[in-house]
Structure formats: C-alpha cells, structure tokens
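Shown next: start-v2.tsv, containing TSV, C-alpha atoms and all ligand atoms.
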```
chain	number	residue	atom	x	y	z
X	1	MET	CA	5.60	-21.18	-0.17
X	2	ASP	CA	2.20	-19.70	-1.00
X	3	ILE	CA	1.88	-18.02	-4.34
X	4	VAL	CA	-1.49	-16.60	-5.27
X	5	LEU	CA	-2.64	-15.88	-8.81
X	6	THR	CA	-6.00	-14.96	-10.17
X	7	GLY	CA	-7.47	-12.93	-12.98
X	8	ASP	CA	-10.45	-11.53	-14.78
X	9	ARG	CA	-11.42	-11.18	-18.38
X	10	PRO	CA	-11.72	-7.53	-19.35
X	11	THR	CA	-15.01	-7.68	-21.20
X	12	GLY	CA	-16.67	-4.89	-19.24
X	13	ARG	CA	-16.61	-3.37	-15.81
X	14	LEU	CA	-16.69	-5.67	-12.79
X	15	HIS	CA	-19.89	-6.25	-10.84
X	16	VAL	CA	-20.95	-7.25	-7.35
X	17	GLY	CA	-20.77	-10.93	-8.36
X	18	HIS	CA	-17.07	-10.55	-9.10
X	19	TYR	CA	-16.71	-8.78	-5.79
X	20	VAL	CA	-18.19	-11.43	-3.51
X	21	GLY	CA	-17.01	-14.28	-5.72
X	22	SER	CA	-13.34	-13.39	-5.72
X	23	LEU	CA	-12.30	-9.74	-5.35
X	24	LYS	CA	-13.18	-9.49	-1.69
X	25	ARG	CA	-11.18	-12.59	-0.92
X	26	ARG	CA	-8.18	-11.27	-2.82
X	27	VAL	CA	-8.17	-8.03	-0.90
X	28	GLU	CA	-8.44	-9.92	2.40
X	29	MET	CA	-5.54	-12.14	1.36
X	30	GLN	CA	-3.51	-9.13	0.28
X	31	ASN	CA	-4.07	-7.37	3.58
X	32	SER	CA	-3.44	-10.44	5.69
X	33	GLY	CA	-0.01	-10.77	4.14
X	34	ALA	CA	-0.31	-14.55	4.67
X	35	TYR	CA	1.30	-15.50	1.39
X	36	ASP	CA	4.64	-15.04	-0.26
X	37	LYS	CA	3.63	-13.46	-3.53
X	38	MET	CA	0.38	-12.44	-5.17
X	39	TYR	CA	-0.43	-11.80	-8.83
X	40	VAL	CA	-3.59	-10.46	-10.36
X	41	MET	CA	-3.87	-10.71	-14.12
X	42	ILE	CA	-6.14	-8.87	-16.52
X	43	ALA	CA	-6.78	-11.67	-19.00
X	44	ASP	CA	-7.10	-9.67	-22.20
X	45	ALA	CA	-5.88	-12.49	-24.46
X	46	GLN	CA	-8.42	-14.85	-22.95
X	47	ALA	CA	-11.12	-12.21	-23.42
X	48	LEU	CA	-10.22	-12.05	-27.10
X	49	SER	CA	-10.94	-15.77	-27.47
X	50	ASP	CA	-14.58	-14.89	-28.00
X	51	ASN	CA	-14.17	-11.22	-28.86
X	52	ALA	CA	-11.83	-11.32	-31.85
X	53	ASP	CA	-14.16	-8.90	-33.62
X	54	ASN	CA	-14.53	-6.66	-30.61
X	55	ILE	CA	-11.03	-5.51	-29.77
X	56	ASP	CA	-12.17	-2.10	-28.55
X	57	LYS	CA	-14.42	-3.60	-25.93
X	58	VAL	CA	-11.56	-5.60	-24.48
X	59	LYS	CA	-9.06	-2.76	-24.78
X	60	ASN	CA	-11.31	-0.21	-23.10
X	61	SER	CA	-12.22	-2.60	-20.34
X	62	ILE	CA	-8.61	-3.01	-19.19
X	63	SER	CA	-8.52	0.37	-17.46
X	64	GLU	CA	-12.09	-0.03	-16.18
X	65	VAL	CA	-11.16	-3.32	-14.52
X	66	MET	CA	-8.03	-1.73	-13.09
X	67	LEU	CA	-10.16	1.04	-11.56
X	68	ASP	CA	-12.46	-1.61	-10.10
X	69	TYR	CA	-9.44	-3.36	-8.58
X	70	LEU	CA	-8.07	-0.20	-7.02
X	71	ALA	CA	-11.51	0.77	-5.74
X	72	CYS	CA	-11.88	-2.60	-4.01
X	73	GLY	CA	-8.56	-2.13	-2.31
X	74	LEU	CA	-6.05	-4.06	-4.40
X	75	ASP	CA	-2.75	-2.26	-4.04
X	76	PRO	CA	-0.16	-2.44	-6.84
X	77	LYS	CA	2.54	-1.97	-4.21
X	78	LYS	CA	1.61	-5.24	-2.55
X	79	VAL	CA	0.30	-7.22	-5.50
X	80	THR	CA	1.68	-7.56	-9.02
X	81	ILE	CA	-1.17	-6.54	-11.29
X	82	PHE	CA	-0.43	-7.16	-14.97
X	83	ILE	CA	-1.82	-7.59	-18.47
X	84	GLN	CA	-1.83	-11.12	-19.89
X	85	SER	CA	-0.79	-10.17	-23.43
X	86	GLU	CA	2.22	-8.28	-22.09
X	87	VAL	CA	3.67	-11.58	-20.91
X	88	PRO	CA	4.23	-13.47	-24.17
X	89	GLU	CA	5.90	-16.36	-22.31
X	90	LEU	CA	2.35	-17.42	-21.42
X	91	CYS	CA	1.68	-18.19	-25.11
X	92	GLU	CA	4.81	-20.22	-25.38
X	93	LEU	CA	3.96	-22.29	-22.32
X	94	SER	CA	0.45	-22.89	-23.70
X	95	PHE	CA	1.97	-24.11	-26.92
X	96	TYR	CA	3.81	-26.91	-25.12
X	97	TYR	CA	0.92	-27.74	-22.80
X	98	MET	CA	-1.36	-28.19	-25.81
X	99	ASN	CA	0.39	-31.46	-26.56
X	100	LEU	CA	-0.63	-32.81	-23.17
X	101	VAL	CA	-4.39	-32.35	-23.61
X	102	THR	CA	-6.80	-34.17	-25.87
X	103	LEU	CA	-9.57	-32.53	-27.81
X	104	SER	CA	-12.18	-34.70	-26.13
X	105	ARG	CA	-10.92	-33.65	-22.70
X	106	LEU	CA	-11.38	-30.00	-23.65
X	107	GLU	CA	-14.83	-30.69	-25.00
X	108	ARG	CA	-15.78	-32.34	-21.72
X	109	ASN	CA	-14.76	-29.36	-19.56
X	110	PRO	CA	-18.12	-28.39	-17.97
X	111	THR	CA	-17.36	-24.68	-17.76
X	112	VAL	CA	-16.31	-24.47	-21.39
X	113	LYS	CA	-19.32	-26.58	-22.43
X	114	ASN	CA	-21.64	-24.26	-20.59
X	115	GLU	CA	-20.02	-21.15	-22.04
X	116	ILE	CA	-20.18	-22.56	-25.54
X	117	ALA	CA	-23.91	-23.18	-25.09
X	118	LEU	CA	-24.41	-19.68	-23.66
X	119	ARG	CA	-22.64	-18.08	-26.59
X	120	GLY	CA	-24.51	-20.19	-29.12
X	121	PHE	CA	-21.30	-21.24	-30.90
X	122	LYS	CA	-22.75	-24.64	-31.87
X	123	GLN	CA	-20.27	-26.07	-34.39
X	124	SER	CA	-18.42	-22.76	-34.90
X	125	ILE	CA	-16.32	-22.73	-31.79
X	126	PRO	CA	-13.17	-20.63	-32.11
X	127	VAL	CA	-10.20	-22.91	-31.42
X	128	GLY	CA	-8.78	-20.28	-29.07
X	129	PHE	CA	-11.95	-20.42	-27.04
X	130	LEU	CA	-12.04	-24.18	-26.70
X	131	THR	CA	-8.42	-24.20	-25.65
X	132	TYR	CA	-8.52	-21.37	-23.14
X	133	PRO	CA	-8.26	-23.80	-20.20
X	134	ILE	CA	-4.79	-24.61	-21.50
X	135	SER	CA	-3.80	-20.98	-21.65
X	136	GLN	CA	-5.26	-20.52	-18.18
X	137	THR	CA	-3.01	-23.34	-16.99
X	138	ALA	CA	-0.08	-21.41	-18.42
X	139	ASP	CA	-1.22	-18.28	-16.53
X	140	ILE	CA	-1.23	-20.16	-13.26
X	141	THR	CA	1.83	-22.36	-13.66
X	142	ALA	CA	4.07	-19.62	-15.08
X	143	PHE	CA	4.08	-18.13	-11.58
X	144	LYS	CA	4.05	-21.51	-9.79
X	145	ALA	CA	0.87	-20.37	-8.09
X	146	ASN	CA	-0.57	-22.91	-5.67
X	147	LEU	CA	-3.60	-20.83	-4.61
X	148	VAL	CA	-6.17	-19.46	-7.03
X	149	PRO	CA	-9.05	-17.44	-5.54
X	150	VAL	CA	-12.00	-17.95	-7.89
X	151	GLY	CA	-15.73	-18.58	-7.97
X	152	GLU	CA	-17.17	-22.06	-8.19
X	153	ASP	CA	-17.56	-21.88	-11.98
X	154	GLN	CA	-13.78	-22.05	-12.30
X	155	LEU	CA	-13.34	-25.37	-10.48
X	156	PRO	CA	-13.23	-27.43	-13.70
X	157	MET	CA	-10.49	-25.10	-14.96
X	158	LEU	CA	-8.37	-25.87	-11.96
X	159	GLU	CA	-9.02	-29.58	-12.30
X	160	GLN	CA	-7.82	-29.40	-15.87
X	161	ALA	CA	-4.79	-27.36	-14.83
X	162	ARG	CA	-3.85	-29.99	-12.24
X	163	GLU	CA	-4.09	-32.71	-14.88
X	164	ILE	CA	-1.78	-30.81	-17.20
X	165	VAL	CA	0.70	-30.21	-14.38
X	166	ARG	CA	0.69	-33.90	-13.46
X	167	SER	CA	1.20	-34.95	-17.07
X	168	PHE	CA	4.04	-32.51	-17.52
X	169	ASN	CA	5.76	-33.40	-14.26
X	170	THR	CA	5.46	-37.13	-14.96
X	171	LEU	CA	6.56	-36.94	-18.55
X	172	TYR	CA	9.46	-34.51	-18.15
X	173	ALA	CA	10.52	-33.32	-14.69
X	174	PRO	CA	8.66	-32.03	-11.64
X	175	VAL	CA	8.97	-28.30	-12.29
X	176	LEU	CA	5.29	-27.28	-12.22
X	177	VAL	CA	3.11	-26.75	-9.15
X	178	GLU	CA	-0.44	-28.13	-8.81
X	179	PRO	CA	-2.84	-25.26	-8.08
X	180	LYS	CA	-5.76	-25.31	-5.70
X	181	ALA	CA	-8.90	-23.13	-5.84
X	182	VAL	CA	-9.68	-20.84	-2.93
X	183	LEU	CA	-13.45	-20.42	-2.84
X	184	PRO	CA	-15.34	-17.70	-0.98
X	185	SER	CA	-16.00	-18.72	2.65
X	186	ASN	CA	-19.73	-18.00	2.22
X	187	GLU	CA	-20.81	-20.53	-0.40
X	188	LYS	CA	-23.73	-18.29	-1.44
X	189	CYS	CA	-21.09	-15.95	-2.79
X	190	SER	CA	-19.63	-18.52	-5.10
X	191	ARG	CA	-22.38	-18.34	-7.65
X	192	LEU	CA	-24.35	-15.17	-7.20
X	193	PRO	CA	-27.02	-15.16	-9.94
X	194	GLY	CA	-28.14	-12.14	-11.93
X	195	LEU	CA	-30.97	-9.94	-10.70
X	196	ASP	CA	-33.43	-12.16	-12.60
X	197	GLY	CA	-32.32	-15.15	-10.54
X	198	ALA	CA	-32.23	-17.27	-13.70
X	199	ASN	CA	-28.91	-16.43	-15.33
X	200	LYS	CA	-25.36	-15.53	-14.48
X	201	MET	CA	-24.81	-11.81	-14.24
X	202	SER	CA	-24.23	-10.53	-17.71
X	203	LYS	CA	-24.03	-7.09	-19.15
X	204	SER	CA	-26.10	-7.96	-22.20
X	205	LEU	CA	-28.94	-9.33	-20.07
X	206	GLY	CA	-28.95	-6.12	-18.00
X	207	ASN	CA	-29.14	-8.23	-14.85
X	208	CYS	CA	-26.07	-7.04	-12.96
X	209	ILE	CA	-25.02	-4.37	-10.54
X	210	PHE	CA	-21.69	-2.86	-11.53
X	211	LEU	CA	-19.27	-1.57	-8.91
X	212	ALA	CA	-19.23	1.72	-10.79
X	213	TYR	CA	-23.01	2.25	-10.55
X	214	SER	CA	-24.29	5.35	-8.78
X	215	ALA	CA	-26.45	4.95	-5.68
X	216	ASP	CA	-29.53	5.70	-7.83
X	217	GLU	CA	-28.64	3.07	-10.40
X	218	VAL	CA	-28.15	0.45	-7.69
X	219	LYS	CA	-31.48	1.34	-6.12
X	220	GLN	CA	-33.27	1.16	-9.44
X	221	LYS	CA	-31.73	-2.28	-10.13
X	222	VAL	CA	-32.68	-3.58	-6.68
X	223	MET	CA	-36.24	-2.37	-7.06
X	224	SER	CA	-36.51	-4.15	-10.41
X	225	MET	CA	-35.25	-7.47	-9.02
X	226	PHE	CA	-37.29	-10.63	-9.42
X	227	THR	CA	-38.75	-12.05	-6.22
X	228	ASP	CA	-41.19	-14.87	-5.55
X	229	PRO	CA	-43.79	-14.86	-8.34
X	230	THR	CA	-46.36	-16.51	-6.02
X	231	HIS	CA	-45.99	-13.77	-3.43
X	232	LEU	CA	-48.54	-11.34	-4.81
X	233	ARG	CA	-49.93	-9.63	-1.74
X	234	VAL	CA	-48.15	-8.72	1.47
X	235	GLU	CA	-50.28	-11.25	3.41
X	236	ASP	CA	-49.32	-14.14	1.08
X	237	LYS	CA	-46.87	-16.75	2.22
X	238	GLY	CA	-43.59	-16.32	0.38
X	239	HIS	CA	-40.65	-18.44	-0.74
X	240	THR	CA	-37.13	-17.39	0.12
X	241	GLU	CA	-35.42	-20.36	-1.52
X	242	GLY	CA	-34.47	-19.41	-5.08
X	243	ASN	CA	-35.74	-15.87	-4.51
X	244	PRO	CA	-33.03	-13.54	-5.86
X	245	VAL	CA	-33.58	-10.86	-3.22
X	246	PHE	CA	-32.95	-13.40	-0.48
X	247	ILE	CA	-30.03	-14.97	-2.34
X	248	TYR	CA	-28.42	-11.52	-2.36
X	249	LEU	CA	-29.17	-11.05	1.32
X	250	ASP	CA	-27.57	-14.44	1.98
X	251	ALA	CA	-24.46	-13.19	0.24
X	252	PHE	CA	-24.29	-9.69	1.73
X	253	ALA	CA	-26.40	-9.14	4.86
X	254	THR	CA	-24.77	-9.38	8.27
X	255	ASP	CA	-26.35	-9.13	11.72
X	256	GLU	CA	-24.82	-5.65	12.00
X	257	HIS	CA	-26.80	-4.58	8.95
X	258	PHE	CA	-29.95	-5.69	10.77
X	259	SER	CA	-29.18	-3.67	13.86
X	260	ALA	CA	-28.32	-0.64	11.71
X	261	PHE	CA	-31.19	-0.71	9.21
X	262	LEU	CA	-33.87	-3.18	10.29
X	263	PRO	CA	-33.62	-3.62	14.05
X	264	GLU	CA	-37.03	-5.32	14.33
X	265	TYR	CA	-35.24	-8.48	13.13
X	266	GLN	CA	-32.05	-9.81	14.67
X	267	ASN	CA	-30.86	-11.65	11.64
X	268	LEU	CA	-31.68	-13.04	8.24
X	269	SER	CA	-33.34	-16.20	9.58
X	270	GLU	CA	-35.95	-14.08	11.34
X	271	LEU	CA	-36.59	-12.02	8.23
X	272	LYS	CA	-36.92	-15.17	6.12
X	273	ALA	CA	-39.31	-16.76	8.62
X	274	HIS	CA	-41.55	-13.70	8.46
X	275	TYR	CA	-41.54	-13.69	4.66
X	276	GLU	CA	-42.38	-17.39	4.59
X	277	ARG	CA	-45.30	-17.15	6.98
X	278	GLY	CA	-46.72	-14.10	5.17
X	279	GLY	CA	-47.18	-10.49	6.12
X	280	LEU	CA	-43.87	-9.13	4.81
X	281	GLY	CA	-43.85	-7.14	1.59
X	282	ASP	CA	-41.20	-7.31	-1.13
X	283	MET	CA	-40.69	-3.55	-0.99
X	284	LYS	CA	-39.52	-3.65	2.59
X	285	VAL	CA	-37.06	-6.44	1.88
X	286	LYS	CA	-35.75	-4.69	-1.21
X	287	LYS	CA	-35.31	-1.46	0.67
X	288	PHE	CA	-33.23	-3.30	3.22
X	289	LEU	CA	-31.15	-5.01	0.52
X	290	ASN	CA	-30.50	-1.62	-1.04
X	291	GLN	CA	-29.23	-0.28	2.28
X	292	VAL	CA	-26.99	-3.31	2.71
X	293	LEU	CA	-25.54	-2.90	-0.78
X	294	GLU	CA	-25.01	0.80	-0.21
X	295	ALA	CA	-23.13	0.08	3.02
X	296	GLU	CA	-20.86	-2.38	1.21
X	297	PHE	CA	-20.44	-0.63	-2.13
X	298	GLY	CA	-20.86	3.09	-1.34
X	299	PRO	CA	-17.25	3.41	-0.14
X	300	ILE	CA	-16.00	1.39	-3.12
X	301	ARG	CA	-17.85	3.69	-5.53
X	302	GLU	CA	-16.36	6.76	-3.89
X	303	ARG	CA	-12.86	5.36	-4.08
X	304	ARG	CA	-13.43	4.45	-7.71
X	305	GLN	CA	-14.42	8.02	-8.54
X	306	GLN	CA	-11.39	9.36	-6.76
X	307	PHE	CA	-9.01	6.98	-8.54
X	308	ALA	CA	-10.61	7.81	-11.89
X	309	LYS	CA	-9.90	11.49	-11.22
X	310	ASP	CA	-6.35	10.95	-9.98
X	311	LEU	CA	-5.25	8.37	-12.53
X	312	PRO	CA	-6.07	9.02	-16.19
X	313	VAL	CA	-6.05	5.97	-18.48
X	314	PRO	CA	-2.36	6.27	-19.56
X	315	GLU	CA	-1.33	6.24	-15.90
X	316	LEU	CA	-3.47	3.21	-15.14
X	317	LEU	CA	-1.92	1.44	-18.11
X	318	ASN	CA	1.52	2.44	-16.96
X	319	ILE	CA	1.00	0.85	-13.54
X	320	LEU	CA	-0.10	-2.31	-15.34
X	321	HIS	CA	2.88	-2.16	-17.62
X	322	GLN	CA	5.26	-2.01	-14.66
X	323	GLY	CA	3.46	-5.03	-13.21
X	324	SER	CA	3.77	-6.84	-16.52
X	325	ILE	CA	7.53	-6.23	-16.69
X	326	GLU	CA	7.87	-7.77	-13.26
X	327	ALA	CA	5.54	-10.69	-14.04
X	328	ARG	CA	7.48	-11.37	-17.21
X	329	LYS	CA	10.68	-12.04	-15.33
X	330	THR	CA	9.08	-14.85	-13.35
X	331	ALA	CA	7.27	-16.27	-16.37
X	332	ALA	CA	10.52	-16.29	-18.37
X	333	GLN	CA	12.27	-18.15	-15.59
X	334	THR	CA	9.55	-20.82	-15.52
X	335	LEU	CA	9.56	-21.10	-19.30
X	336	ASP	CA	13.29	-21.68	-19.16
X	337	GLU	CA	12.83	-24.46	-16.59
X	338	VAL	CA	10.05	-25.96	-18.69
X	339	LYS	CA	12.20	-26.05	-21.79
X	340	THR	CA	15.10	-27.53	-19.88
X	341	ALA	CA	12.80	-30.20	-18.40
X	342	MET	CA	11.59	-31.02	-21.89
X	343	GLY	CA	15.11	-31.11	-23.25
X	344	ILE	CA	14.53	-28.38	-25.81
X	345	ASN	CA	16.86	-25.74	-24.41
X	346	TYR	CA	19.20	-26.59	-27.28
X	347	HIS	CA	21.88	-24.01	-26.71
X	348	LYS	CA	22.33	-24.41	-23.01
O	401	LIG	N1	-11.25	-17.52	-16.62
O	401	LIG	C1	-11.24	-16.48	-15.64
O	401	LIG	C2	-12.59	-15.76	-15.71
O	401	LIG	O1	-13.31	-15.92	-16.65
O	401	LIG	C3	-10.13	-15.46	-15.88
O	401	LIG	C4	-8.76	-16.05	-15.78
O	401	LIG	C5	-7.83	-16.12	-16.77
O	401	LIG	C6	-8.16	-16.61	-14.61
O	401	LIG	N2	-6.70	-16.70	-16.33
O	401	LIG	C7	-6.85	-17.03	-15.02
O	401	LIG	C8	-8.59	-16.85	-13.34
O	401	LIG	C9	-5.99	-17.67	-14.14
O	401	LIG	C10	-7.72	-17.49	-12.45
O	401	LIG	C11	-6.44	-17.90	-12.85
O	401	LIG	O2	-12.91	-15.02	-14.81
```

Entire entry expressed as structure tokens:
Amino acid sequence: MDIVLTGDRPTGRLHVGHYVGSLKRRVEMQNSGAYDKMYVMIADAQALSDNADNIDKVKNSISEVMLDYLACGLDPKKVTIFIQSEVPELCELSFYYMNLVTLSRLERNPTVKNEIALRGFKQSIPVGFLTYPISQTADITAFKANLVPVGEDQLPMLEQAREIVRSFNTLYAPVLVEPKAVLPSNEKCSRLPGLDGANKMSKSLGNCIFLAYSADEVKQKVMSMFTDPTHLRVEDKGHTEGNPVFIYLDAFATDEHFSAFLPEYQNLSELKAHYERGGLGDMKVKKFLNQVLEAEFGPIRERRQQFAKDLPVPELLNILHQGSIEARKTAAQTLDEVKTAMGINYHK
C-alpha cells in the first residue's frame, strides 16, 4: 500500500525551487497512478507557527498556493488537496505525540535549528515553531503515508517522524506507519539556491522566481542573477561550480533545450567546459537559461492565468474544503486507532 502525503506552508506564492524540489515529482506521481492514495496539504497552521501576527499573509496565500498547484498539474479529482487547519484531528494527534519527544531532541533538529537562526528568534522561539516537527508527524501519520515527496531540507523532519512512530508503536501498539522521503531524482533540484547563490529562495530577499511571474519578470530576474565574480571579461576563465546560473542550468537544462536554443553545444558539459576555459560571456548563458525557464514555466504561467480567471477565490477555497472533509474522515479513523492503542478510548 503506497500512500503519499506532502504539503507546503502558505506564506506566499510558490516558486521554481518548490517546483523542482517537490511539485514536479508530485505531478509525475499523480499521473503515473503508481500509488494507492495521494494527499497534498496546505499547511496553514504550520505557517502560523512563525506568522501569528501575520494572519492575512497566510490566509491570502492559501488560494495563491492552490492556483500554483493547479497550474503545475495537480488535479483535485486524483489527489486530495486540503487545508491543515480544517482537519482538527491533526492537533489532537500532535498533543499525544508531544509526550514522546524531548525538548533537547527538538532543539537538535537541524532544519529547525537552521530556521530559528534564519528568523533571528534567539531565545524568543515560539513554542509552536519549535514543536512543528511533531505536528508535521501528525500530518503524515494521520493518513498512514509511507511516501513523502520533499526537498532535502525536510530529511531531518522525516527522521524525527520515524522516531515518533517507532516510540508510539513500541509503547502502545503498531498502528502508525514509518514514512520515507522521496527526493527529486536530480539531486541539484533538492536544494536550489536563490538567485544570489548564497541563500535559500526567499520572498523577502527578492532572490526567487515565482511561478506566477510574467515572462518579463522572469527575464529581469535571470539577468540580475549572480554569476562568477572572477569572470569579468568574456575572455576570462570562469567557474561553473557554485555559480548560480550554472546551478540553475543543472536543475533545468536538458539536451533538448540545447538543440532547440543553443545548438552549437550538445549538452551542459560542453557549455561548462567553454565557460571554464574562457571565451563565453555571462549574457549568452543567461539568455539560454531564460529560454530554458520559459520553456518549462511558460505553459504553467498560462494555465495559472486561466485557472485564476475560471476559479475565483471562494471556488478555490470550496475545492479545498471538499478535500478537507474527505481528509478528515481518514484522520479521524487514525485518531480513533491511536486512542484505542493508548487505552484512552474510554467509552468504547
Ligand atoms: N514543512 C513543510 C515545508 O516547509 C510543509 C509541511 C507541513 C509538510 N506538513 C508536511 C511537508 C507534511 C511534508 C509532509 O515545506
């Protein structure tokens, strides 16, 4: 039995990093049909764990993320797409799992540690934020998901989820399923950096390309990308390692893109070799990257515009609500099994 679950925090629109890191894989899985059930969750409650004072941002992002999903090809007829806060059983499960995790274990979670540093929380870490790996374990286990398509940054979350599952199953009864991450097949896609090459893509740093961007906006972003700071003149030898433009090409460019847009090279290795020996300008490489991105994201943008026209926000929310009603049934069933395993289903 293969059950797939994954999700995104609605803290803004989704970008090309989300796409190669996870969305693309989800759509492939959906279309392959090689699973028994698939859930995609908009993790609004998790998003609130560091946005308690910014409810509107989270609220408004729910429909934006839904449009991004539809544009990428997720189909609510094949996949249950739902809103985390509309499945309150997830809170209840988290409440019981909390007793199976120590504070020091949470503090050691590398992803959380990193995010705490990024957000500058220092000593003022919201408890909900520190404990979100527990709630994420509830998200996954409520549906008995064994496969979780995510980017590499989420691996520590899954490790922690497996630990909680093992503790629960050992202590009470084996009702929970240990989940496994499904990473992108191209490892370069697992951790696509921002356009500056130094940070993760983040809206506030202005270093991302959103799926909703127009062709002009994408082009402008590509042209402003960092490259190799030692590659000043076209004749100079260049570095491709750690060079954001080449990292993006690693993630997106295929041999077909070369024959379509840059036939003087057969593939990326040839282009890199030329850049490294000198004589290849940044502009030419960026122009190619822009064409590659347009080939991949142009159709997604068009679909997004069409969906935005056809489905006003209340309709998008209604599709999500239907998904949530369905998701709730499964989560309630698991919660019932969990309580029985724990011996706290007092009136049964
Ligand atoms: N933490 C994930 C992110 O930041 C979102 C998320 C919440 C998630 N619950 C999940 C991902 C369960 C996979 C499974 O993108």

Which residues are close to Phe143 in chain X, i.e. within 12 Å by only C-alpha atoms, leaving aside same-chain residues fewer than 5 positions away? Reply as a CSV table (one decimal) with C-alpha atoms, in the coordinates of the input.
```csv
chain,number,residue,atom,x,y,z
X,1,MET,CA,5.6,-21.2,-0.2
X,2,ASP,CA,2.2,-19.7,-1.0
X,3,ILE,CA,1.9,-18.0,-4.3
X,4,VAL,CA,-1.5,-16.6,-5.3
X,5,LEU,CA,-2.6,-15.9,-8.8
X,6,THR,CA,-6.0,-15.0,-10.2
X,36,ASP,CA,4.6,-15.0,-0.3
X,37,LYS,CA,3.6,-13.5,-3.5
X,38,MET,CA,0.4,-12.4,-5.2
X,39,TYR,CA,-0.4,-11.8,-8.8
X,40,VAL,CA,-3.6,-10.5,-10.4
X,41,MET,CA,-3.9,-10.7,-14.1
X,80,THR,CA,1.7,-7.6,-9.0
X,87,VAL,CA,3.7,-11.6,-20.9
X,89,GLU,CA,5.9,-16.4,-22.3
X,90,LEU,CA,2.4,-17.4,-21.4
X,93,LEU,CA,4.0,-22.3,-22.3
X,136,GLN,CA,-5.3,-20.5,-18.2
X,137,THR,CA,-3.0,-23.3,-17.0
X,138,ALA,CA,-0.1,-21.4,-18.4
X,148,VAL,CA,-6.2,-19.5,-7.0
X,175,VAL,CA,9.0,-28.3,-12.3
X,176,LEU,CA,5.3,-27.3,-12.2
X,177,VAL,CA,3.1,-26.8,-9.2
X,178,GLU,CA,-0.4,-28.1,-8.8
X,179,PRO,CA,-2.8,-25.3,-8.1
X,326,GLU,CA,7.9,-7.8,-13.3
X,327,ALA,CA,5.5,-10.7,-14.0
X,328,ARG,CA,7.5,-11.4,-17.2
X,329,LYS,CA,10.7,-12.0,-15.3
X,330,THR,CA,9.1,-14.8,-13.4
X,331,ALA,CA,7.3,-16.3,-16.4
X,332,ALA,CA,10.5,-16.3,-18.4
X,333,GLN,CA,12.3,-18.2,-15.6
X,334,THR,CA,9.6,-20.8,-15.5
X,335,LEU,CA,9.6,-21.1,-19.3
X,337,GLU,CA,12.8,-24.5,-16.6
```

Next item on the list: Residues within 9 Å of ligand LIG 401 (chain O) should be enumerated using only C-alpha atoms and all ligand atoms and returned as a VMD selection string.
Entry: chain X and resid 5 to 10 18 40 to 47 84 132 to 133 135 to 140 148 to 151 153 to 154 157 to 158 181

Would you list the contacts of Leu67 in chain X as a tab-separated table (two decimals) with C-alpha atoms, in the coordinates of the input, taking every protein, DNA or RNA residue within 10 Å and counting all atoms listed in the file, but skipping same-chain residues closer than 3 positions in sequence?
```tsv
chain	number	residue	atom	x	y	z
X	13	ARG	CA	-16.61	-3.37	-15.81
X	14	LEU	CA	-16.69	-5.67	-12.79
X	61	SER	CA	-12.22	-2.60	-20.34
X	62	ILE	CA	-8.61	-3.01	-19.19
X	63	SER	CA	-8.52	0.37	-17.46
X	64	GLU	CA	-12.09	-0.03	-16.18
X	70	LEU	CA	-8.07	-0.20	-7.02
X	71	ALA	CA	-11.51	0.77	-5.74
X	72	CYS	CA	-11.88	-2.60	-4.01
X	73	GLY	CA	-8.56	-2.13	-2.31
X	74	LEU	CA	-6.05	-4.06	-4.40
X	211	LEU	CA	-19.27	-1.57	-8.91
X	212	ALA	CA	-19.23	1.72	-10.79
X	303	ARG	CA	-12.86	5.36	-4.08
X	304	ARG	CA	-13.43	4.45	-7.71
X	305	GLN	CA	-14.42	8.02	-8.54
X	306	GLN	CA	-11.39	9.36	-6.76
X	307	PHE	CA	-9.01	6.98	-8.54
X	308	ALA	CA	-10.61	7.81	-11.89
X	311	LEU	CA	-5.25	8.37	-12.53
X	313	VAL	CA	-6.05	5.97	-18.48
X	316	LEU	CA	-3.47	3.21	-15.14
```

Item checked: Non-local contacts of Ile164 in chain X (8 Å; only C-alpha atoms; under 2 positions in same chain excluded) as a PyMOL selection string -> chain X and resi 97+100-101+137+160-162+166-168

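Minimum atom-to-atom distances from X:Gly238, X:Pro193, X:Pro184, X:Gly343 to His274 in chain X were compared using only C-alpha atoms, and the lowest value belongs to X:Gly238.
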
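For the atom pair formed by CA of Leu262 in chain X and CA of Asn207 in chain X, the distance is 26.1 Å, given to one decimal.
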
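Nearest residue to Leu130 in chain X among X:Gln266, X:Ser85, X:Ser49, X:Ser202 is X:Ser49, counting all atoms listed in the file.
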